[in-house]
Every structure is written in C-alpha cells, then in structure tokens.
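target-v2.txt (compact mmCIF, C-alpha atoms and all ligand atoms)
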# COMPACT_ATOMS: atom_id res chain seq x y z
CA MET A 121 -15.96 6.88 15.23
CA ALA A 122 -12.61 7.61 13.56
CA LEU A 123 -9.65 9.09 15.45
CA PRO A 124 -8.67 12.71 14.60
CA THR A 125 -7.29 12.56 11.05
CA ARG A 126 -4.53 15.14 11.44
CA ASP A 127 -3.08 13.59 14.60
CA VAL A 128 -3.05 10.00 13.29
CA ALA A 129 -1.51 11.13 9.99
CA GLY A 130 0.99 13.23 11.96
CA ILE A 131 2.08 10.24 14.10
CA LEU A 132 2.76 8.17 10.95
CA ALA A 133 4.77 10.99 9.32
CA ASP A 134 6.73 11.61 12.56
CA ASN A 135 7.65 7.93 12.72
CA LEU A 136 8.97 7.97 9.16
CA ARG A 137 11.01 11.10 9.83
CA LEU A 138 12.39 10.00 13.21
CA ARG A 139 12.57 6.21 12.91
CA GLY A 140 12.66 5.33 9.21
CA SER A 141 9.25 3.60 9.09
CA VAL A 142 5.64 4.62 9.70
CA LEU A 143 5.44 1.62 12.05
CA PRO A 144 8.93 0.96 13.36
CA ILE A 145 9.46 -2.72 14.19
CA PRO A 146 12.85 -4.20 15.21
CA ALA A 147 15.10 -5.21 12.26
CA ARG A 148 15.39 -8.68 13.83
CA GLN A 149 11.62 -9.12 13.44
CA ALA A 150 11.53 -7.65 9.93
CA THR A 151 14.31 -9.88 8.56
CA ARG A 152 13.39 -13.10 10.40
CA TRP A 153 12.02 -14.59 7.14
CA ALA A 154 15.55 -14.66 5.63
CA ARG A 155 17.15 -16.68 8.45
CA GLU A 156 17.18 -20.05 6.72
CA LEU A 157 17.97 -18.80 3.23
CA ASP A 158 21.57 -17.76 3.69
CA LEU A 159 21.28 -14.88 1.20
CA PRO A 160 24.47 -12.89 0.57
CA LYS A 161 24.43 -9.33 1.92
CA GLY A 162 24.13 -6.62 -0.77
CA GLY A 163 25.28 -7.09 -4.38
CA SER A 164 24.33 -5.50 -7.68
CA THR A 165 20.83 -7.07 -7.60
CA VAL A 166 18.90 -7.36 -4.33
CA LEU A 167 15.49 -8.57 -3.23
CA TYR A 168 13.85 -5.52 -1.63
CA THR A 169 10.80 -6.34 0.51
CA GLY A 170 10.15 -2.81 1.85
CA LEU A 171 8.78 -4.69 4.91
CA MET A 172 5.17 -4.47 3.70
CA TYR A 173 4.30 -8.13 4.31
CA GLN A 174 6.24 -8.27 7.58
CA LEU A 175 4.38 -5.20 8.90
CA ILE A 176 0.87 -6.53 8.34
CA PRO A 177 0.41 -8.33 11.70
CA CYS A 178 1.55 -5.17 13.49
CA ILE A 179 -0.77 -2.95 11.39
CA GLU A 180 -3.66 -5.24 12.24
CA ARG A 181 -2.99 -4.90 15.98
CA LEU A 182 -2.84 -1.13 15.65
CA VAL A 183 -6.07 -0.89 13.66
CA THR A 184 -7.82 -2.94 16.32
CA ILE A 185 -6.56 -0.55 19.02
CA GLU A 186 -7.50 2.47 16.87
CA ARG A 187 -11.02 1.20 16.34
CA TRP A 188 -11.41 0.62 20.07
CA ALA A 189 -9.88 3.99 21.03
CA GLY A 190 -12.02 5.82 18.49
CA ASP A 191 -15.12 4.74 20.43
CA THR A 192 -13.81 5.95 23.80
CA PRO A 193 -12.98 9.36 25.36
CA LEU A 194 -9.32 8.51 24.62
CA ALA A 195 -9.90 9.77 21.05
CA ARG A 196 -9.64 13.31 22.46
CA PHE A 197 -6.06 12.64 23.58
CA THR A 198 -4.65 11.59 20.20
CA GLY A 199 -2.83 14.95 19.94
CA LEU A 200 -1.09 14.25 23.24
CA GLY A 201 -0.27 10.75 21.94
CA ARG A 202 1.42 12.34 18.94
CA ARG A 203 3.61 14.51 21.18
CA LEU A 204 4.59 11.51 23.35
CA ASN A 205 5.27 9.38 20.27
CA ARG A 206 7.92 11.87 19.17
CA LEU A 207 9.84 11.01 22.36
CA VAL A 208 9.14 7.28 22.66
CA ASN A 209 8.32 4.79 19.88
CA GLY A 210 4.62 4.08 20.55
CA VAL A 211 4.69 0.91 18.41
CA ALA A 212 6.93 -0.71 21.06
CA PHE A 213 3.84 -0.76 23.34
CA VAL A 214 1.57 -2.50 20.83
CA PRO A 215 1.03 -6.16 21.90
CA ARG A 216 3.27 -8.41 19.76
CA PRO A 217 1.50 -10.52 17.15
CA SER A 218 1.68 -14.26 17.80
CA ALA A 219 4.16 -16.49 15.91
CA ARG A 220 1.22 -17.95 13.95
CA GLU A 221 -0.04 -14.51 12.91
CA ARG A 222 3.46 -13.59 11.70
CA ALA A 223 4.25 -16.90 10.01
CA GLU A 224 2.06 -16.53 6.91
CA TYR A 225 3.24 -13.01 6.11
CA ASP A 226 6.90 -13.88 6.74
CA ARG A 227 6.47 -16.83 4.41
CA VAL A 228 5.77 -14.60 1.38
CA PRO A 229 9.27 -13.07 1.00
CA ALA A 230 10.78 -16.51 1.70
CA ASP A 231 8.66 -18.13 -1.06
CA VAL A 232 9.55 -15.30 -3.45
CA ALA A 233 13.27 -15.78 -2.76
CA ARG A 234 12.99 -19.53 -3.40
CA LEU A 235 11.03 -18.97 -6.63
CA LEU A 236 13.69 -16.55 -7.89
CA HIS A 237 16.39 -19.12 -7.07
CA ARG A 238 14.46 -21.78 -9.00
CA ALA A 239 14.36 -19.40 -11.98
CA GLY A 240 18.13 -19.00 -11.78
CA VAL A 241 18.11 -15.37 -10.64
CA GLU A 242 21.09 -14.34 -8.52
CA PHE A 243 20.46 -11.73 -5.85
CA GLY A 244 21.42 -10.57 -2.38
CA TYR A 245 19.49 -9.05 0.50
CA LEU A 246 20.07 -5.92 2.56
CA TYR A 247 18.94 -7.28 5.95
CA GLU A 248 18.72 -4.31 8.38
CA ASP A 249 19.06 -1.93 5.41
CA ASP A 250 15.89 -3.28 3.77
CA LEU A 251 13.79 -0.24 4.77
CA TYR A 252 10.11 0.58 4.47
CA ALA A 253 9.70 2.69 1.29
CA GLY A 254 7.35 5.35 2.78
CA THR A 255 4.08 4.49 1.00
CA LEU A 256 1.62 5.45 3.70
CA ALA A 257 3.30 8.80 4.43
CA TRP A 258 3.37 9.54 0.66
CA ASP A 259 -0.34 8.72 0.40
CA LEU A 260 -1.02 11.16 3.24
CA GLY A 261 0.75 13.96 1.39
CA ALA A 262 3.75 14.13 3.78
CA ASP A 263 6.03 14.67 0.79
CA GLU A 264 8.85 16.38 2.64
CA ALA A 265 9.24 13.53 5.16
CA VAL A 266 9.14 11.00 2.30
CA ALA A 267 11.74 12.90 0.25
CA ILE A 268 14.18 12.84 3.19
CA HIS A 269 13.47 9.14 3.73
CA ALA A 270 13.89 8.32 0.02
CA ARG A 271 17.36 9.86 0.06
CA ARG A 272 18.17 7.69 3.11
CA VAL A 273 17.00 4.53 1.29
CA VAL A 274 18.94 5.37 -1.87
CA ALA A 275 22.11 6.15 0.11
CA ARG A 276 21.94 2.63 1.58
CA LEU A 277 21.34 1.05 -1.83
CA ARG A 278 24.36 2.90 -3.19
CA ARG A 279 26.50 1.94 -0.19
CA HIS A 280 25.83 -1.72 -0.98
CA GLY A 281 26.57 -1.27 -4.69
CA VAL A 282 22.98 -2.01 -5.74
CA ARG A 283 22.07 -1.36 -9.40
CA GLU A 284 18.80 -3.29 -9.55
CA VAL A 285 16.12 -4.17 -7.01
CA ILE A 286 13.47 -6.87 -7.22
CA THR A 287 10.35 -5.90 -5.26
CA ILE A 288 7.61 -8.14 -3.91
CA ASP A 289 4.54 -5.92 -3.46
CA PRO A 290 2.79 -3.22 -5.54
CA HIS A 291 3.28 -0.30 -3.13
CA THR A 292 7.04 -0.70 -2.76
CA THR A 293 7.30 -1.24 -6.52
CA ASN A 294 5.46 2.03 -7.15
CA MET A 295 7.50 4.01 -4.63
CA LEU A 296 10.89 2.79 -5.87
CA ARG A 297 10.04 2.80 -9.58
CA SER A 298 7.73 5.80 -10.08
CA VAL A 299 7.98 8.07 -7.01
CA TYR A 300 11.66 8.02 -6.00
CA PRO A 301 12.86 9.30 -9.41
CA LYS A 302 10.90 12.51 -8.64
CA LEU A 303 12.45 12.83 -5.18
CA VAL A 304 16.10 11.81 -5.54
CA ASP A 305 18.51 13.52 -7.95
CA GLY A 306 20.31 11.14 -10.32
CA TYR A 307 18.17 8.16 -9.32
CA ASP A 308 19.29 5.30 -11.56
CA ILE A 309 18.19 2.10 -9.78
CA ARG A 310 16.40 -0.37 -12.04
CA VAL A 311 13.23 -1.64 -10.37
CA ARG A 312 11.36 -4.77 -11.34
CA ASN A 313 8.72 -6.73 -9.53
CA TYR A 314 9.32 -10.45 -8.96
CA LEU A 315 6.22 -11.35 -11.01
CA GLU A 316 7.69 -9.49 -13.98
CA VAL A 317 11.08 -11.17 -13.47
CA LEU A 318 9.58 -14.68 -13.20
CA ALA A 319 7.22 -14.18 -16.17
CA GLU A 320 10.12 -12.99 -18.32
CA ARG A 321 12.50 -15.76 -17.23
CA GLY A 322 10.01 -18.60 -17.30
CA LEU A 323 9.82 -21.17 -14.52
CA ASP A 324 9.17 -24.92 -14.36
CA PHE A 325 6.12 -26.00 -12.38
CA PRO A 326 6.57 -29.74 -11.75
CA ALA A 327 3.59 -29.90 -9.34
CA PRO A 328 0.82 -27.97 -11.16
CA VAL A 329 -2.10 -26.76 -9.04
CA HIS A 330 -5.45 -27.25 -10.77
CA ASP A 331 -7.59 -25.18 -8.37
CA ARG A 332 -10.32 -22.88 -9.66
CA VAL A 333 -9.58 -19.37 -8.37
CA VAL A 334 -10.52 -15.75 -9.07
CA ILE A 335 -7.86 -13.05 -9.58
CA HIS A 336 -7.99 -9.78 -7.63
CA ASP A 337 -5.78 -7.13 -9.29
CA PRO A 338 -4.41 -4.54 -6.84
CA CYS A 339 -5.12 -0.97 -8.03
CA VAL A 340 -1.44 -0.08 -7.74
CA TYR A 341 -0.22 -2.92 -9.97
CA ALA A 342 -3.01 -2.46 -12.52
CA ARG A 343 -3.42 1.32 -12.72
CA TYR A 344 -0.09 2.67 -11.49
CA GLU A 345 2.49 0.12 -12.61
CA ASN A 346 0.82 -1.70 -15.51
CA VAL A 347 1.47 -5.13 -13.99
CA VAL A 348 -1.51 -7.06 -15.35
CA GLU A 349 -0.24 -9.81 -17.65
CA PRO A 350 2.69 -11.31 -15.67
CA PRO A 351 0.55 -12.78 -12.85
CA ARG A 352 -1.89 -14.25 -15.36
CA LYS A 353 0.91 -15.82 -17.39
CA LEU A 354 2.44 -17.36 -14.25
CA LEU A 355 -0.87 -18.66 -12.85
CA ALA A 356 -1.67 -20.32 -16.18
CA ALA A 357 1.80 -21.90 -16.34
CA ALA A 358 1.32 -23.16 -12.75
CA GLY A 359 -1.86 -24.98 -13.90
CA LEU A 360 -4.46 -22.81 -12.15
CA ASP A 361 -7.88 -22.21 -13.63
CA ALA A 362 -7.84 -18.47 -12.92
CA GLY A 363 -11.10 -16.64 -13.65
CA GLU A 364 -11.73 -12.91 -13.94
CA PRO A 365 -14.21 -10.99 -11.76
CA ALA A 366 -16.56 -8.45 -13.37
CA ALA A 367 -14.04 -5.67 -12.60
CA SER A 368 -10.51 -6.80 -13.43
CA GLY A 369 -7.23 -5.68 -14.95
CA ARG A 370 -7.06 -1.90 -15.39
CA LEU A 371 -10.73 -1.70 -14.39
CA THR A 372 -10.18 -3.51 -11.10
CA TRP A 373 -12.10 -2.56 -7.95
CA CYS A 374 -10.24 -1.41 -4.83
CA CYS A 375 -10.05 -3.66 -1.72
CA GLY A 376 -10.74 -0.63 0.50
CA GLY A 377 -7.50 -1.16 2.45
CA PRO A 378 -6.01 2.32 1.92
CA ALA A 379 -8.83 3.82 4.02
CA GLU A 380 -8.29 1.43 6.92
CA ALA A 381 -5.76 3.48 8.93
CA LEU A 382 -8.08 6.49 9.16
CA TYR A 383 -11.60 5.27 8.33
CA PRO A 384 -11.90 1.53 9.07
CA ALA A 385 -15.68 1.40 8.58
CA ARG A 386 -15.38 2.78 5.03
CA ALA A 387 -12.60 0.31 4.25
CA ALA A 388 -14.82 -2.56 5.42
CA ALA A 389 -17.74 -1.42 3.24
CA VAL A 390 -15.60 -1.26 0.08
CA ALA A 391 -14.06 -4.66 0.87
CA ALA A 392 -17.50 -6.22 1.34
CA GLY A 393 -18.56 -4.92 -2.10
CA ARG A 394 -15.43 -6.34 -3.72
CA VAL A 395 -15.82 -9.73 -2.03
CA ALA A 396 -19.37 -9.96 -3.38
CA GLN A 397 -18.00 -9.39 -6.92
CA LEU A 398 -15.18 -11.92 -6.49
CA ARG A 399 -17.47 -14.60 -5.09
CA GLU A 400 -19.46 -14.59 -8.34
CA THR A 401 -16.45 -16.14 -10.11
CA ALA A 402 -14.91 -18.53 -7.55
CA PRO A 403 -14.88 -19.17 -3.77
CA GLU A 404 -11.08 -18.88 -3.62
CA CYS A 405 -9.17 -15.72 -4.54
CA VAL A 406 -5.56 -14.99 -5.52
CA THR A 407 -4.23 -11.70 -4.15
CA MET A 408 -0.90 -9.98 -4.90
CA CYS A 409 -0.67 -7.28 -2.23
CA PRO A 410 -0.52 -7.61 1.57
CA ILE A 411 -3.04 -4.79 2.07
CA CYS A 412 -5.56 -6.44 -0.30
CA LEU A 413 -4.98 -9.83 1.34
CA VAL A 414 -5.70 -8.69 4.86
CA ASN A 415 -8.59 -6.36 4.02
CA LEU A 416 -10.44 -8.77 1.74
CA ARG A 417 -9.86 -11.65 4.15
CA LYS A 418 -11.53 -9.72 6.96
CA ALA A 419 -14.59 -9.09 4.80
CA GLY A 420 -14.49 -12.49 3.19
CA ASP A 421 -16.79 -14.51 5.38
CA GLY A 422 -16.34 -18.03 4.02
CA MET A 423 -14.20 -17.08 1.02
CA ARG A 424 -10.51 -18.07 0.94
CA PHE A 425 -7.76 -15.60 0.07
CA ARG A 426 -4.12 -16.52 -0.64
CA ASP A 427 -1.12 -14.59 -1.88
CA ILE A 428 -0.02 -15.54 -5.40
CA SER A 429 3.47 -16.45 -4.16
CA GLY A 430 2.04 -19.41 -2.23
CA TYR A 431 0.31 -20.88 -5.30
CA LEU A 432 3.41 -20.46 -7.42
CA ALA A 433 5.65 -21.95 -4.72
CA ARG A 434 3.32 -24.94 -4.36
CA ALA A 435 3.30 -25.57 -8.13
CA ALA A 436 7.08 -25.17 -8.22
CA GLY A 437 7.33 -27.97 -5.63
CA ILE A 438 8.70 -25.78 -2.82
CA PRO A 439 8.06 -27.63 0.47
CA GLY A 440 5.53 -26.17 2.93
CA ALA A 441 4.32 -23.43 0.53
CA THR A 442 1.47 -21.24 1.82
CA GLY A 443 -0.83 -22.11 -1.07
CA THR A 444 -0.98 -25.71 0.11
CA ALA A 445 -4.53 -27.08 -0.08
CA GLY A 446 -6.32 -27.53 3.22
CA GLN A 447 -4.16 -25.04 5.15
CA ALA A 448 -6.29 -23.00 7.50
CA ASP A 449 -6.33 -19.20 7.30
CA PRO A 450 -4.41 -17.60 10.19
CA PRO A 451 -6.61 -16.41 13.07
CA PRO A 452 -7.86 -12.81 12.84
CA ALA A 453 -6.22 -10.32 15.20
CA PRO A 454 -7.98 -10.16 18.59
CA GLY A 455 -10.96 -7.83 18.41
CA GLY A 456 -10.78 -7.72 14.61
CA ARG A 457 -13.73 -8.43 12.42
CA MET B 124 -17.86 30.09 6.00
CA SER B 125 -15.38 32.00 3.93
CA THR B 126 -16.42 32.65 0.38
CA LEU B 127 -13.24 34.49 -0.51
CA ILE B 128 -12.76 34.21 -4.24
CA GLY B 129 -9.13 34.43 -5.22
CA PRO B 130 -6.30 32.58 -6.90
CA ALA B 131 -4.04 32.32 -3.80
CA LEU B 132 -5.08 28.83 -2.70
CA ALA B 133 -4.71 27.28 -6.16
CA ALA B 134 -1.31 28.96 -6.59
CA ASP B 135 -0.22 27.70 -3.16
CA LEU B 136 -1.25 24.15 -4.06
CA ARG B 137 0.50 24.35 -7.43
CA ARG B 138 3.71 25.33 -5.63
CA ARG B 139 3.35 22.26 -3.41
CA GLY B 140 3.71 19.90 -6.32
CA GLY B 141 1.03 20.38 -8.89
CA PHE B 142 -2.70 20.86 -9.01
CA ASP B 143 -4.36 20.48 -12.38
CA ALA B 144 -8.11 20.66 -11.95
CA GLN B 145 -8.55 23.29 -14.71
CA ALA B 146 -9.34 20.64 -17.33
CA CYS B 147 -12.23 19.17 -15.31
CA MET B 148 -15.52 19.69 -17.15
CA GLY B 149 -17.76 18.39 -14.40
CA CYS B 150 -19.09 15.40 -16.32
CA GLY B 151 -19.28 13.18 -13.22
CA TYR B 152 -17.74 10.03 -14.75
CA CYS B 153 -15.28 9.98 -11.85
CA THR B 154 -18.10 9.83 -9.30
CA ALA B 155 -19.79 7.02 -11.20
CA ALA B 156 -16.57 4.97 -11.10
CA CYS B 157 -15.67 5.65 -7.45
CA PRO B 158 -16.02 2.69 -5.04
CA LEU B 159 -16.77 5.16 -2.25
CA GLY B 160 -19.19 7.17 -4.40
CA ILE B 161 -17.32 10.34 -3.48
CA ASP B 162 -19.26 13.05 -5.28
CA MET B 163 -17.31 15.94 -3.76
CA LEU B 164 -14.24 14.86 -5.66
CA PRO B 165 -13.29 16.40 -7.92
CA ARG B 166 -16.22 18.30 -9.31
CA ARG B 167 -17.10 20.48 -6.31
CA LEU B 168 -13.95 20.25 -4.22
CA PHE B 169 -11.60 21.12 -7.07
CA ARG B 170 -13.84 24.08 -7.97
CA TYR B 171 -13.52 25.33 -4.38
CA VAL B 172 -9.76 25.23 -4.84
CA LEU B 173 -9.82 27.01 -8.17
CA PHE B 174 -12.05 29.71 -6.69
CA GLY B 175 -9.80 30.02 -3.61
CA MET B 176 -12.59 29.02 -1.18
CA ASP B 177 -10.22 27.70 1.46
CA ALA B 178 -12.72 27.34 4.34
CA GLU B 179 -14.88 25.12 2.15
CA VAL B 180 -11.86 22.98 1.32
CA ARG B 181 -10.95 22.67 5.01
CA ALA B 182 -14.50 21.55 5.82
CA GLU B 183 -14.02 18.57 3.47
CA LEU B 184 -11.09 17.08 5.39
CA GLU B 185 -12.74 13.67 5.79
CA THR B 186 -13.64 13.48 2.09
CA VAL B 187 -10.06 14.26 1.10
CA PHE B 188 -8.54 11.73 3.51
CA SER B 189 -10.98 8.91 2.84
CA CYS B 190 -10.11 8.73 -0.89
CA LEU B 191 -8.46 5.37 -1.61
CA LEU B 192 -6.11 6.77 -4.30
CA CYS B 193 -7.28 3.79 -6.33
CA ARG B 194 -7.44 5.73 -9.64
CA ALA B 195 -10.73 4.16 -10.76
CA CYS B 196 -11.86 7.75 -11.37
CA GLU B 197 -8.82 8.63 -13.48
CA GLN B 198 -9.37 5.52 -15.58
CA SER B 199 -12.77 6.98 -16.57
CA CYS B 200 -11.90 10.68 -16.81
CA PRO B 201 -12.20 11.97 -20.40
CA ALA B 202 -10.16 15.09 -19.53
CA GLY B 203 -7.14 13.26 -18.13
CA VAL B 204 -7.31 15.09 -14.77
CA HIS B 205 -4.64 13.82 -12.36
CA ILE B 206 -7.19 13.36 -9.63
CA THR B 207 -5.07 11.35 -7.17
CA ASP B 208 -2.08 13.71 -7.47
CA ASN B 209 -4.46 16.55 -6.64
CA VAL B 210 -5.83 14.66 -3.64
CA ARG B 211 -2.32 14.05 -2.27
CA THR B 212 -1.46 17.72 -2.73
CA LEU B 213 -4.62 18.74 -0.88
CA ARG B 214 -3.77 16.34 1.95
CA GLY B 215 -0.35 17.87 2.39
CA TRP B 216 -1.89 21.35 2.49
CA LEU B 217 -4.58 20.31 4.97
CA LEU B 218 -2.02 18.69 7.28
CA GLU B 219 0.42 21.56 7.29
CA GLU B 220 -1.37 24.78 6.42
CA GLY B 221 -5.08 24.16 6.22
CA ARG B 222 -5.84 24.24 9.96
S1 LIG C 1 -14.33 12.50 -14.85
FE1 LIG C 1 -12.66 14.07 -15.10
S2 LIG C 1 -13.65 15.75 -16.25
FE2 LIG C 1 -15.33 14.45 -15.48
S3 LIG C 1 -15.94 15.44 -13.47
FE3 LIG C 1 -14.39 13.84 -13.00
S4 LIG C 1 -12.39 14.92 -13.04
FE4 LIG C 1 -13.87 16.25 -14.06
S1 LIG C 2 -9.05 7.59 -6.32
FE1 LIG C 2 -10.42 8.38 -4.70
S2 LIG C 2 -11.98 9.63 -5.78
FE2 LIG C 2 -10.93 8.33 -7.32
S3 LIG C 2 -12.24 6.49 -7.52
FE3 LIG C 2 -10.64 6.00 -5.99
S4 LIG C 2 -11.58 6.54 -3.98
FE4 LIG C 2 -12.83 7.54 -5.58
What does this structure look like when you write it as structure tokens?
Amino acid sequence: MALPTRDVAGILADNLRLRGSVLPIPARQATRWARELDLPKGGSTVLYTGLMYQLIPCIERLVTIERWAGDTPLARFTGLGRRLNRLVNGVAFVPRPSARERAEYDRVPADVARLLHRAGVEFGYLYEDDLYAGTLAWDLGADEAVAIHARRVVARLRRHGVREVITIDPHTTNMLRSVYPKLVDGYDIRVRNYLEVLAERGLDFPAPVHDRVVIHDPCVYARYENVVEPPRKLLAAAGLDAGEPAASGRLTWCCGGPAEALYPARAAAVAAGRVAQLRETAPECVTMCPICLVNLRKAGDGMRFRDISGYLARAAGIPGATGTAGQADPPPAPGGR
Amino acid sequence: MSTLIGPALAADLRRRGGFDAQACMGCGYCTAACPLGIDMLPRRLFRYVLFGMDAEVRAELETVFSCLLCRACEQSCPAGVHITDNVRTLRGWLLEEGR
C-alpha cells in the first residue's frame, strides 16, 4: 500500500522550503566526494552537482522505510509526521547509509571532475553552496516553494561570481537550464552538462574499454534537454561497443524511478519492463542518471548497471574508476528488493 | 459526485501556470505510448477539467501523481498537447486546493 500522497508530497515540499532540500543531508556528507580534489571555491565556471548522486543512498533508505510503513497502521499517521517534520528534520532519524553504499555514488562527481580536468576545463566548486535544485518538489507541482528556492540558489551563484555551471545529471541540468529561467528574473547563467562539454572538447582515452554494453537514455536528457548524441560520441571514443535497445534516443522508455517516492510498486513494474528490453541487446547497461541507475539496478536481476562516468574514467586511465571490470555492485539497501 | 459543468476549474488551472488541453482530439496515441498505460490521461481527465468537473478530477489523485513525467506521450501526440505541464499544474491544484 502507498502512503497518503498529499502528506508525503507535503513533507518533501516543506523540507525544500524550510531546509533547502527535499531530503536535507549535512553539507559535510554532500561534499565529501570533493575532499581529495582540492577544487578552488567559486569562480566564473563551477561544477554543480545539485547533490542528486550524493542523495541516492539516503533516498533508498527512505523508500525502504516508506514501503514498510505503508503496510502498517503507521500509514494513518503520515499527516502527524508532516507536522512534526516542520519542527524537526525527520531525515536526521533515517539510519545512515554505510560507507560502501555511499562510495559508488560519491565517486561519480569525483570521476566527472577528473575527466573535466583531463579535458583541460578549468572550474571551481561551491562546497556548502552546491544546493539541491528542487527537482522532486517541481515534479510534484509545488511551484511556489521551488520558485523561492531557485532564487536562493541563484543568489548564491551570483555571490560567487558564477557565469557558467557544468552539471552532472539530467534533472539538475533541466532545472537550471530550462526551469529556472521561468522562475528567476534576469536569469543569465549558462548551463551545460559535462557530457556536452567533454564531447565538444574531445578527450584522450589511452585505456580504451572494449566491453559490449547497451545504452539507457534517461527521459529527461532525451526528451527534455536533447542530450542524445554526446554520450554516444564519448562511448565510441572510449572504445565501447555500445548497442541500442528497441526504445532509445528520443523514443526511450522510462526507468520508472519518478514514481518510486509515492508508488514504489508501479516504479518496480516499469523498471522490470525496461530491463527486459535492455537485456535483449546486452547484459551490461550504461546509465546516465542516478535515479535510472538505482531503479534499474533493483529490477535488474543478473544484469549489470554502471554510470557512464565510470566507463569514461576507466578509459581515460583514471585510477580506481567505478567502471572497472569485475567490481561488484554495491549491496542493496536493507529491506530493498 | 459533482457533475458541475463550468469553466471555473480550467480558468483556475490556467492561472496557476498554464493548462492547454483544448487541442486534444482524443486519438489515444498518448495512452499507447505510456509505460504505465495510463488511459485517464489526458483524454478523460483533461476533459473533466475543461468541463469543470472538479470532484471527478479529485477522485483521480493517484492517476495524476503516478505519472512519470517521462514525456513518451508528448513524443507521440499529433496535437502538441503539453501533457506533462498539465499534469504538474493539476498536482499543484490537488495539493493546495483540490481537497
Ligand atoms: S495523443 Fe495528444 S491529441 Fe491524442 S489523446 Fe493524447 S493528448 Fe489528446
Ligand atoms: S508522461 Fe505520464 S502520461 Fe505521459 S507517457 Fe509518461 S507516465 Fe504516461
């Protein structure tokens, strides 16, 4: 059974309004990935993660709790939970994901930063001012809360003198590039995704990866942001034999992830259908979005899923890249499928 | 169930940020393309809105919130209906006013 839609959506919107993120995690945790990279703070061009990858282990814990609570009498008290959450950050009581669960998702922004350095791109990072962009609240129609938050994000970008941001996931790219201009007067930040930047710049791949893989296009890259060719160009340059599933490019098939927060069973059914399509082409799949990665992986019984950054980092000769052959998938969250 | 026929609901939704279901001709291509097979959206649901049948819209809360916003439907729509923008607008209304 699903939890009451209005109350769950209300908790997420309240968090964005009161705490700057639908799932507020400490800045120390969100920026841990940057520790060893010594990136300058701010600057005219910054890498903007929007915390999507860093939030995934926390989202997984919450979905597990939600699924459990939805099957118990506790579901009736979700409204009370919303009122309490306004006073105390409920996410602080969610069991912390293990270091191993966090490591793979933290590795993505680190690999992206190293790839950009290899391509000769100069950029800074905003550390505690790298804020969640508001995707989930926008999807739920909480436009007013998102508009206030967007102005907060843009004020911080301006304070650091930022003129251009490089994003690492489709949802943050869409929010900053296509939604914020409708919400913030005089919005003039240039927004590019790292795949677009790398494809345009060109990159040497001294350690090509010759794996056979299938590409899963995220709906938001393919149908909202027209990012279809850059990943293909990069995978080919990195040596991969990247095949297309029956539904690909602008006709891609959703991973089901957007339904997970409210209707996990529906999300799982869509993911299972997509995995069946992908498996027809290859047993290993390249993803480009944290939501797709986690949702397909849960449905993927025997199939392997990796973020594109790991393959590119491996082919670029970056040590310890996540696309390294033989690496095990991280363990699923306790109680997860 | 209310069967109030009137333009108030559609006007209210338009004020909230746009609702453009007028062009929909009910061909059903969107349903054929939908990974969830949602057949309420937009053919019937959007008609409820245009006819101001607010109780019927409220009764479809789960349909409206389970949409993935994946735009597979829009990719197939011959009338260029902004289906996902409409869904987001409906969600905002259901959360704030549609109780
Ligand atoms: S495909 Fe477009 S015109 Fe056809 S029923 Fe769907 S929304 Fe209406
Ligand atoms: S956007 Fe919603 S209605 Fe359209 S195809 Fe995707 S899930 Fe179905």
CA of Tyr173 in chain A to CA of Tyr314 in chain A, distance in Å rounded to a single decimal: 14.4 Å
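The nearest approach to chain B among the residues A:Phe425, A:Tyr341, A:Tyr431, A:Phe325, with all atoms listed in the file taken into account, belongs to A:Tyr341.
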Skip Asp135 in chain B itself and residues of its chain fewer than 5 positions away, then list as a compact mmCIF listing (two decimals) with C-alpha atoms, in the frame of the given file all residues within 12 Å of it, counting only C-alpha atoms.
# COMPACT_ATOMS: atom_id res chain seq x y z
CA GLY B 129 -9.13 34.43 -5.22
CA PRO B 130 -6.30 32.58 -6.90
CA GLY B 140 3.71 19.90 -6.32
CA GLY B 141 1.03 20.38 -8.89
CA PHE B 142 -2.70 20.86 -9.01
CA VAL B 172 -9.76 25.23 -4.84
CA LEU B 173 -9.82 27.01 -8.17
CA GLY B 175 -9.80 30.02 -3.61
CA ASP B 177 -10.22 27.70 1.46
CA THR B 212 -1.46 17.72 -2.73
CA LEU B 213 -4.62 18.74 -0.88
CA GLY B 215 -0.35 17.87 2.39
CA TRP B 216 -1.89 21.35 2.49
CA LEU B 217 -4.58 20.31 4.97
CA GLU B 220 -1.37 24.78 6.42
CA GLY B 221 -5.08 24.16 6.22
At a cut-off of 9 Å and counting all atoms listed in the file, what residues surround ligand LIG 1 (chain C)? Please answer as a VMD selection string. chain B and resid 144 to 156 164 to 167 169 196 to 206
Restricting the output to C-alpha atoms, write the selected residues as a tab-separated table (two decimals), keeping the file's coordinate frame.
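Output (result-v7.tsv):
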chain	number	residue	atom	x	y	z
B	144	ALA	CA	-8.11	20.66	-11.95
B	145	GLN	CA	-8.55	23.29	-14.71
B	146	ALA	CA	-9.34	20.64	-17.33
B	147	CYS	CA	-12.23	19.17	-15.31
B	148	MET	CA	-15.52	19.69	-17.15
B	149	GLY	CA	-17.76	18.39	-14.40
B	150	CYS	CA	-19.09	15.40	-16.32
B	151	GLY	CA	-19.28	13.18	-13.22
B	152	TYR	CA	-17.74	10.03	-14.75
B	153	CYS	CA	-15.28	9.98	-11.85
B	154	THR	CA	-18.10	9.83	-9.30
B	155	ALA	CA	-19.79	7.02	-11.20
B	156	ALA	CA	-16.57	4.97	-11.10
B	164	LEU	CA	-14.24	14.86	-5.66
B	165	PRO	CA	-13.29	16.40	-7.92
B	166	ARG	CA	-16.22	18.30	-9.31
B	167	ARG	CA	-17.10	20.48	-6.31
B	169	PHE	CA	-11.60	21.12	-7.07
B	196	CYS	CA	-11.86	7.75	-11.37
B	197	GLU	CA	-8.82	8.63	-13.48
B	198	GLN	CA	-9.37	5.52	-15.58
B	199	SER	CA	-12.77	6.98	-16.57
B	200	CYS	CA	-11.90	10.68	-16.81
B	201	PRO	CA	-12.20	11.97	-20.40
B	202	ALA	CA	-10.16	15.09	-19.53
B	203	GLY	CA	-7.14	13.26	-18.13
B	204	VAL	CA	-7.31	15.09	-14.77
B	205	HIS	CA	-4.64	13.82	-12.36
B	206	ILE	CA	-7.19	13.36	-9.63
Would you mind listing, as a PyMOL selection string, all residues of chain B that have at least one atom within 8 Å of chain A, where all atoms listed in the file are what counts? chain B and resi 158-159+185+188-195+198+211-216+218
